[in-house]
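Below is model11.txt, holding compact mmCIF, N, CA and C atoms.
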```txt
# COMPACT_ATOMS: atom_id res chain seq x y z
N MET A 1 -10.30 -31.31 17.30
CA MET A 1 -9.03 -30.77 17.70
C MET A 1 -8.40 -30.08 16.49
N SER A 2 -7.99 -28.85 16.68
CA SER A 2 -7.38 -28.10 15.59
C SER A 2 -5.90 -27.89 15.87
N VAL A 3 -5.15 -27.88 14.82
CA VAL A 3 -3.72 -27.66 14.92
C VAL A 3 -3.45 -26.18 14.74
N ALA A 4 -2.75 -25.61 15.68
CA ALA A 4 -2.43 -24.18 15.60
C ALA A 4 -1.37 -23.96 14.53
N SER A 5 -1.63 -23.03 13.65
CA SER A 5 -0.63 -22.72 12.64
C SER A 5 0.41 -21.79 13.24
N PRO A 6 1.63 -21.88 12.74
CA PRO A 6 2.70 -21.06 13.33
C PRO A 6 2.45 -19.58 13.08
N SER A 7 2.86 -18.78 14.05
CA SER A 7 2.68 -17.34 13.88
C SER A 7 3.68 -16.85 12.83
N PRO A 8 3.31 -15.80 12.12
CA PRO A 8 4.19 -15.30 11.05
C PRO A 8 5.48 -14.71 11.63
N SER A 9 6.52 -14.86 10.87
CA SER A 9 7.81 -14.33 11.32
C SER A 9 7.87 -12.82 11.08
N ALA A 10 8.82 -12.19 11.71
CA ALA A 10 9.00 -10.75 11.53
C ALA A 10 9.36 -10.44 10.08
N ALA A 11 10.08 -11.35 9.44
CA ALA A 11 10.46 -11.14 8.04
C ALA A 11 9.23 -11.16 7.14
N GLU A 12 8.27 -12.06 7.42
CA GLU A 12 7.04 -12.13 6.63
C GLU A 12 6.22 -10.85 6.79
N ILE A 13 6.15 -10.36 8.01
CA ILE A 13 5.39 -9.14 8.29
C ILE A 13 6.05 -7.95 7.61
N LEU A 14 7.35 -7.85 7.72
CA LEU A 14 8.09 -6.76 7.08
C LEU A 14 7.97 -6.83 5.56
N SER A 15 7.98 -8.04 5.03
CA SER A 15 7.82 -8.22 3.58
C SER A 15 6.44 -7.74 3.12
N LEU A 16 5.41 -8.06 3.88
CA LEU A 16 4.06 -7.60 3.56
C LEU A 16 3.98 -6.08 3.61
N PHE A 17 4.56 -5.49 4.63
CA PHE A 17 4.58 -4.02 4.77
C PHE A 17 5.27 -3.36 3.58
N ARG A 18 6.45 -3.86 3.24
CA ARG A 18 7.20 -3.29 2.11
C ARG A 18 6.45 -3.48 0.79
N SER A 19 5.81 -4.63 0.63
CA SER A 19 5.06 -4.88 -0.60
C SER A 19 3.90 -3.91 -0.74
N LEU A 20 3.21 -3.64 0.37
CA LEU A 20 2.10 -2.69 0.33
C LEU A 20 2.59 -1.28 0.00
N LEU A 21 3.72 -0.89 0.56
CA LEU A 21 4.27 0.43 0.25
C LEU A 21 4.75 0.50 -1.20
N ARG A 22 5.29 -0.60 -1.70
CA ARG A 22 5.74 -0.64 -3.09
C ARG A 22 4.55 -0.48 -4.04
N VAL A 23 3.45 -1.14 -3.72
CA VAL A 23 2.24 -1.02 -4.54
C VAL A 23 1.70 0.40 -4.45
N ALA A 24 1.77 1.00 -3.28
CA ALA A 24 1.27 2.37 -3.11
C ALA A 24 2.01 3.33 -4.03
N ARG A 25 3.30 3.11 -4.24
CA ARG A 25 4.07 3.98 -5.12
C ARG A 25 3.67 3.87 -6.58
N GLN A 26 2.94 2.82 -6.94
CA GLN A 26 2.53 2.62 -8.33
C GLN A 26 1.34 3.49 -8.73
N PHE A 27 0.61 4.02 -7.76
CA PHE A 27 -0.53 4.86 -8.10
C PHE A 27 -0.03 6.17 -8.69
N LEU A 28 -0.60 6.56 -9.82
CA LEU A 28 -0.15 7.77 -10.50
C LEU A 28 -0.73 9.02 -9.87
N ASP A 29 -1.91 8.92 -9.27
CA ASP A 29 -2.55 10.08 -8.66
C ASP A 29 -1.94 10.33 -7.29
N TYR A 30 -1.50 11.56 -7.07
CA TYR A 30 -0.82 11.93 -5.82
C TYR A 30 -1.68 11.62 -4.60
N ASN A 31 -2.96 12.01 -4.63
CA ASN A 31 -3.82 11.83 -3.46
C ASN A 31 -4.01 10.36 -3.11
N ILE A 32 -4.23 9.54 -4.10
CA ILE A 32 -4.42 8.11 -3.84
C ILE A 32 -3.12 7.47 -3.37
N ARG A 33 -2.02 7.87 -4.00
CA ARG A 33 -0.71 7.33 -3.63
C ARG A 33 -0.39 7.65 -2.17
N GLU A 34 -0.56 8.89 -1.79
CA GLU A 34 -0.24 9.29 -0.41
C GLU A 34 -1.22 8.68 0.60
N TYR A 35 -2.49 8.60 0.22
CA TYR A 35 -3.48 7.98 1.11
C TYR A 35 -3.12 6.52 1.36
N THR A 36 -2.76 5.81 0.30
CA THR A 36 -2.43 4.40 0.43
C THR A 36 -1.20 4.20 1.31
N LYS A 37 -0.19 5.03 1.12
CA LYS A 37 1.00 4.93 1.97
C LYS A 37 0.66 5.22 3.43
N ARG A 38 -0.09 6.30 3.64
CA ARG A 38 -0.46 6.69 5.01
C ARG A 38 -1.31 5.61 5.67
N ARG A 39 -2.26 5.06 4.93
CA ARG A 39 -3.16 4.04 5.48
C ARG A 39 -2.38 2.76 5.82
N THR A 40 -1.41 2.41 4.98
CA THR A 40 -0.60 1.23 5.26
C THR A 40 0.21 1.41 6.54
N ILE A 41 0.86 2.55 6.67
CA ILE A 41 1.68 2.81 7.86
C ILE A 41 0.80 2.84 9.11
N ASP A 42 -0.34 3.51 9.04
CA ASP A 42 -1.24 3.58 10.19
C ASP A 42 -1.77 2.21 10.58
N ALA A 43 -2.13 1.40 9.60
CA ALA A 43 -2.68 0.07 9.90
C ALA A 43 -1.63 -0.82 10.55
N PHE A 44 -0.39 -0.75 10.09
CA PHE A 44 0.64 -1.58 10.70
C PHE A 44 0.97 -1.10 12.11
N ARG A 45 0.94 0.19 12.35
CA ARG A 45 1.16 0.69 13.72
C ARG A 45 0.03 0.27 14.64
N GLN A 46 -1.19 0.37 14.14
CA GLN A 46 -2.36 0.03 14.95
C GLN A 46 -2.40 -1.46 15.29
N ASN A 47 -1.94 -2.29 14.37
CA ASN A 47 -2.02 -3.74 14.55
C ASN A 47 -0.67 -4.36 14.86
N ALA A 48 0.22 -3.61 15.46
CA ALA A 48 1.57 -4.09 15.74
C ALA A 48 1.56 -5.31 16.66
N ALA A 49 0.60 -5.42 17.54
CA ALA A 49 0.56 -6.52 18.49
C ALA A 49 -0.03 -7.80 17.91
N LEU A 50 -0.65 -7.72 16.76
CA LEU A 50 -1.25 -8.91 16.16
C LEU A 50 -0.17 -9.82 15.62
N SER A 51 -0.35 -11.11 15.84
CA SER A 51 0.60 -12.07 15.29
C SER A 51 -0.09 -13.34 14.82
N ASP A 52 -1.41 -13.30 14.74
CA ASP A 52 -2.13 -14.50 14.32
C ASP A 52 -2.15 -14.63 12.80
N PRO A 53 -2.11 -15.84 12.29
CA PRO A 53 -2.09 -16.07 10.84
C PRO A 53 -3.28 -15.46 10.08
N PRO A 54 -4.50 -15.42 10.65
CA PRO A 54 -5.59 -14.79 9.89
C PRO A 54 -5.33 -13.31 9.58
N SER A 55 -4.66 -12.61 10.46
CA SER A 55 -4.39 -11.20 10.19
C SER A 55 -3.38 -11.05 9.04
N ILE A 56 -2.43 -11.97 8.95
CA ILE A 56 -1.47 -11.93 7.85
C ILE A 56 -2.15 -12.31 6.54
N SER A 57 -3.03 -13.29 6.58
CA SER A 57 -3.73 -13.66 5.35
C SER A 57 -4.64 -12.52 4.90
N HIS A 58 -5.22 -11.79 5.85
CA HIS A 58 -6.02 -10.62 5.50
C HIS A 58 -5.14 -9.55 4.86
N GLY A 59 -3.95 -9.37 5.39
CA GLY A 59 -3.01 -8.41 4.82
C GLY A 59 -2.61 -8.80 3.41
N ASN A 60 -2.40 -10.09 3.18
CA ASN A 60 -2.06 -10.55 1.83
C ASN A 60 -3.21 -10.35 0.86
N SER A 61 -4.44 -10.54 1.34
CA SER A 61 -5.59 -10.30 0.45
C SER A 61 -5.71 -8.80 0.15
N GLN A 62 -5.41 -7.94 1.12
CA GLN A 62 -5.43 -6.51 0.88
C GLN A 62 -4.33 -6.10 -0.11
N LEU A 63 -3.21 -6.80 -0.06
CA LEU A 63 -2.14 -6.54 -1.02
C LEU A 63 -2.61 -6.85 -2.44
N GLN A 64 -3.30 -7.96 -2.60
CA GLN A 64 -3.81 -8.33 -3.92
C GLN A 64 -4.84 -7.31 -4.41
N VAL A 65 -5.69 -6.82 -3.51
CA VAL A 65 -6.67 -5.79 -3.87
C VAL A 65 -5.95 -4.52 -4.31
N ALA A 66 -4.93 -4.12 -3.57
CA ALA A 66 -4.19 -2.90 -3.90
C ALA A 66 -3.50 -3.03 -5.25
N LYS A 67 -2.97 -4.21 -5.55
CA LYS A 67 -2.33 -4.42 -6.86
C LYS A 67 -3.35 -4.27 -7.99
N ARG A 68 -4.53 -4.85 -7.80
CA ARG A 68 -5.57 -4.73 -8.83
C ARG A 68 -6.01 -3.28 -8.97
N GLN A 69 -6.16 -2.58 -7.86
CA GLN A 69 -6.57 -1.18 -7.92
C GLN A 69 -5.52 -0.33 -8.63
N ALA A 70 -4.25 -0.61 -8.41
CA ALA A 70 -3.19 0.16 -9.07
C ALA A 70 -3.28 -0.02 -10.58
N VAL A 71 -3.59 -1.23 -11.02
CA VAL A 71 -3.73 -1.48 -12.46
C VAL A 71 -4.92 -0.71 -13.01
N VAL A 72 -6.05 -0.78 -12.31
CA VAL A 72 -7.25 -0.09 -12.78
C VAL A 72 -7.03 1.42 -12.79
N TYR A 73 -6.44 1.95 -11.74
CA TYR A 73 -6.18 3.39 -11.69
C TYR A 73 -5.21 3.82 -12.78
N SER A 74 -4.28 2.95 -13.15
CA SER A 74 -3.34 3.32 -14.22
C SER A 74 -4.05 3.42 -15.56
N LEU A 75 -5.14 2.68 -15.73
CA LEU A 75 -5.91 2.77 -16.97
C LEU A 75 -6.64 4.10 -17.09
N TYR A 76 -6.98 4.68 -15.96
CA TYR A 76 -7.74 5.93 -15.93
C TYR A 76 -6.94 7.06 -15.28
N ALA A 77 -5.65 7.05 -15.52
CA ALA A 77 -4.77 8.04 -14.91
C ALA A 77 -5.08 9.44 -15.44
N PRO A 78 -4.95 10.45 -14.61
CA PRO A 78 -5.17 11.82 -15.08
C PRO A 78 -4.12 12.20 -16.13
N GLN A 79 -4.54 13.00 -17.08
CA GLN A 79 -3.63 13.40 -18.16
C GLN A 79 -2.60 14.41 -17.68
N LEU A 80 -2.99 15.26 -16.74
CA LEU A 80 -2.08 16.26 -16.21
C LEU A 80 -1.57 15.83 -14.84
N PRO A 81 -0.31 16.10 -14.54
CA PRO A 81 0.19 15.75 -13.22
C PRO A 81 -0.42 16.65 -12.14
N SER A 82 -0.44 16.14 -10.95
CA SER A 82 -0.94 16.90 -9.81
C SER A 82 0.00 18.07 -9.52
N VAL A 83 -0.53 19.10 -8.93
CA VAL A 83 0.30 20.25 -8.52
C VAL A 83 1.37 19.78 -7.54
N MET A 84 1.02 18.82 -6.69
CA MET A 84 1.99 18.31 -5.73
C MET A 84 3.14 17.59 -6.43
N ASP A 85 2.84 16.89 -7.52
CA ASP A 85 3.90 16.22 -8.27
C ASP A 85 4.78 17.21 -9.00
N ILE A 86 4.21 18.32 -9.45
CA ILE A 86 5.00 19.32 -10.17
C ILE A 86 5.97 20.01 -9.21
N HIS A 87 5.51 20.34 -8.02
CA HIS A 87 6.35 21.06 -7.05
C HIS A 87 7.28 20.14 -6.27
N ASN A 88 6.95 18.86 -6.22
CA ASN A 88 7.77 17.89 -5.49
C ASN A 88 8.09 16.71 -6.40
N PRO A 89 9.07 16.84 -7.27
CA PRO A 89 9.35 15.76 -8.23
C PRO A 89 9.72 14.44 -7.57
N GLN A 90 10.22 14.45 -6.35
CA GLN A 90 10.58 13.19 -5.69
C GLN A 90 9.33 12.39 -5.33
N HIS A 91 8.15 13.00 -5.34
CA HIS A 91 6.92 12.29 -5.04
C HIS A 91 6.36 11.55 -6.25
N ARG A 92 6.84 11.86 -7.43
CA ARG A 92 6.32 11.23 -8.65
C ARG A 92 6.66 9.76 -8.68
N PRO A 93 5.70 8.93 -9.11
CA PRO A 93 6.01 7.51 -9.24
C PRO A 93 6.95 7.27 -10.40
N SER A 94 7.72 6.22 -10.28
CA SER A 94 8.69 5.92 -11.34
C SER A 94 8.10 5.06 -12.42
```

So that I can check it, write out the structure of this file as structure tokens.
Amino acid sequence: MSVASPSPSAAEILSLFRSLLRVARQFLDYNIREYTKRRTIDAFRQNAALSDPPSISHGNSQLQVAKRQAVVYSLYAPQLPSVMDIHNPQHRPS
């Protein structure tokens, strides 16, 4: 007999979404930054009906992967800014 774990709250899901978008903003390369943001938004829209704890734990593991990738990408950041960053300064990471 297994005990069902409680489904995640809306606040937990929203926190995961915001954390993933926050990590996406840390990427210095425009293409990777925009891809990560777009992929996060698309994944949350596609999985809006999911409420099981394994999907949230998978999201948290993806958040940890994204954080590690942001650190690695920052070590090998391009020396010159992207043309998109030059023409759209609001897109530049802080």

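Of note, atom N of A:Ile13 and atom N of A:Arg45 are spaced 12.5 Å apart.
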
Check your understanding: Do you know which residues are at most 10 Å from A:Ser74 counting only C-alpha atoms, after dropping those on the same chain fewer than 6 positions away, and could you put them as a PyMOL selection string?
Key -> chain A and resi 26-29+68

Using N, CA and C atoms, can you write the selected residues to a file as a compact mmCIF listing (two decimals), in the frame of the given file?
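Everything below was put into result-v8.txt:
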```txt
# COMPACT_ATOMS: atom_id res chain seq x y z
N GLN A 26 2.94 2.82 -6.94
CA GLN A 26 2.53 2.62 -8.33
C GLN A 26 1.34 3.49 -8.73
N PHE A 27 0.61 4.02 -7.76
CA PHE A 27 -0.53 4.86 -8.10
C PHE A 27 -0.03 6.17 -8.69
N LEU A 28 -0.60 6.56 -9.82
CA LEU A 28 -0.15 7.77 -10.50
C LEU A 28 -0.73 9.02 -9.87
N ASP A 29 -1.91 8.92 -9.27
CA ASP A 29 -2.55 10.08 -8.66
C ASP A 29 -1.94 10.33 -7.29
N ARG A 68 -4.53 -4.85 -7.80
CA ARG A 68 -5.57 -4.73 -8.83
C ARG A 68 -6.01 -3.28 -8.97
```

Exercise for review: Would you mind listing what lies within 10 Å of A:Ile41 as a list in words, with only C-alpha atoms counted and same-chain residues fewer than 4 positions away left out?
Suggested key: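 Within the cut-off, the hits are Phe17, Leu20, Leu21, Tyr35, Thr36, Lys37, Arg45 and Gln46 of chain A.
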
Point to revise | Near-A:Leu16 list (9 Å; only C-alpha atoms; drop same-chain fewer than 3 positions) as a ChimeraX atom specification | key: /A:11-13,19-21,56,59-60,63

**Study point:** Interatomic distance, atom N of A:Arg39 to atom C of A:Pro81 (Å, one decimal)
**Key:** 20.7 Å

Exercise for review: Write out as a ChimeraX atom specification all residues of stretch 2-82 of chain A that backbone DSSP assigns to alpha helix (DSSP H).
Suggested key: /A:10-24,30-46,53-75

Exercise for review: Mind giving me the straight-line distance from atom CA of A:Ser15 to atom C of A:Thr40 in Å, one decimal?
Suggested key: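 Answer for the atom CA of A:Ser15 to atom C of A:Thr40 separation: 12.6 Å.
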
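Comparing A:Ala24, A:Pro78, A:Ala48, A:Leu14 by their smallest distance to A:Ala66, the closest is A:Ala24 (using only N, CA and C atoms).
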
Centre and edge lengths, as AutoDock Vina command-line options, for the axis-aligned box enclosing every listed atom of stretch 13-16 of chain A with 6 Å of padding on each of the six sides, in Å to one decimal?
```
--center_x 6.0 --center_y -8.2 --center_z 5.7 --size_x 16.1 --size_y 16.3 --size_z 17.2
```

Point to revise | Option closest in space to A:Leu80, from A:Pro6, A:Tyr30, A:Ser51, A:Asp42 [counting only C-alpha atoms] | key: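 Answer, going by the shortest atom-to-atom distance: A:Tyr30.
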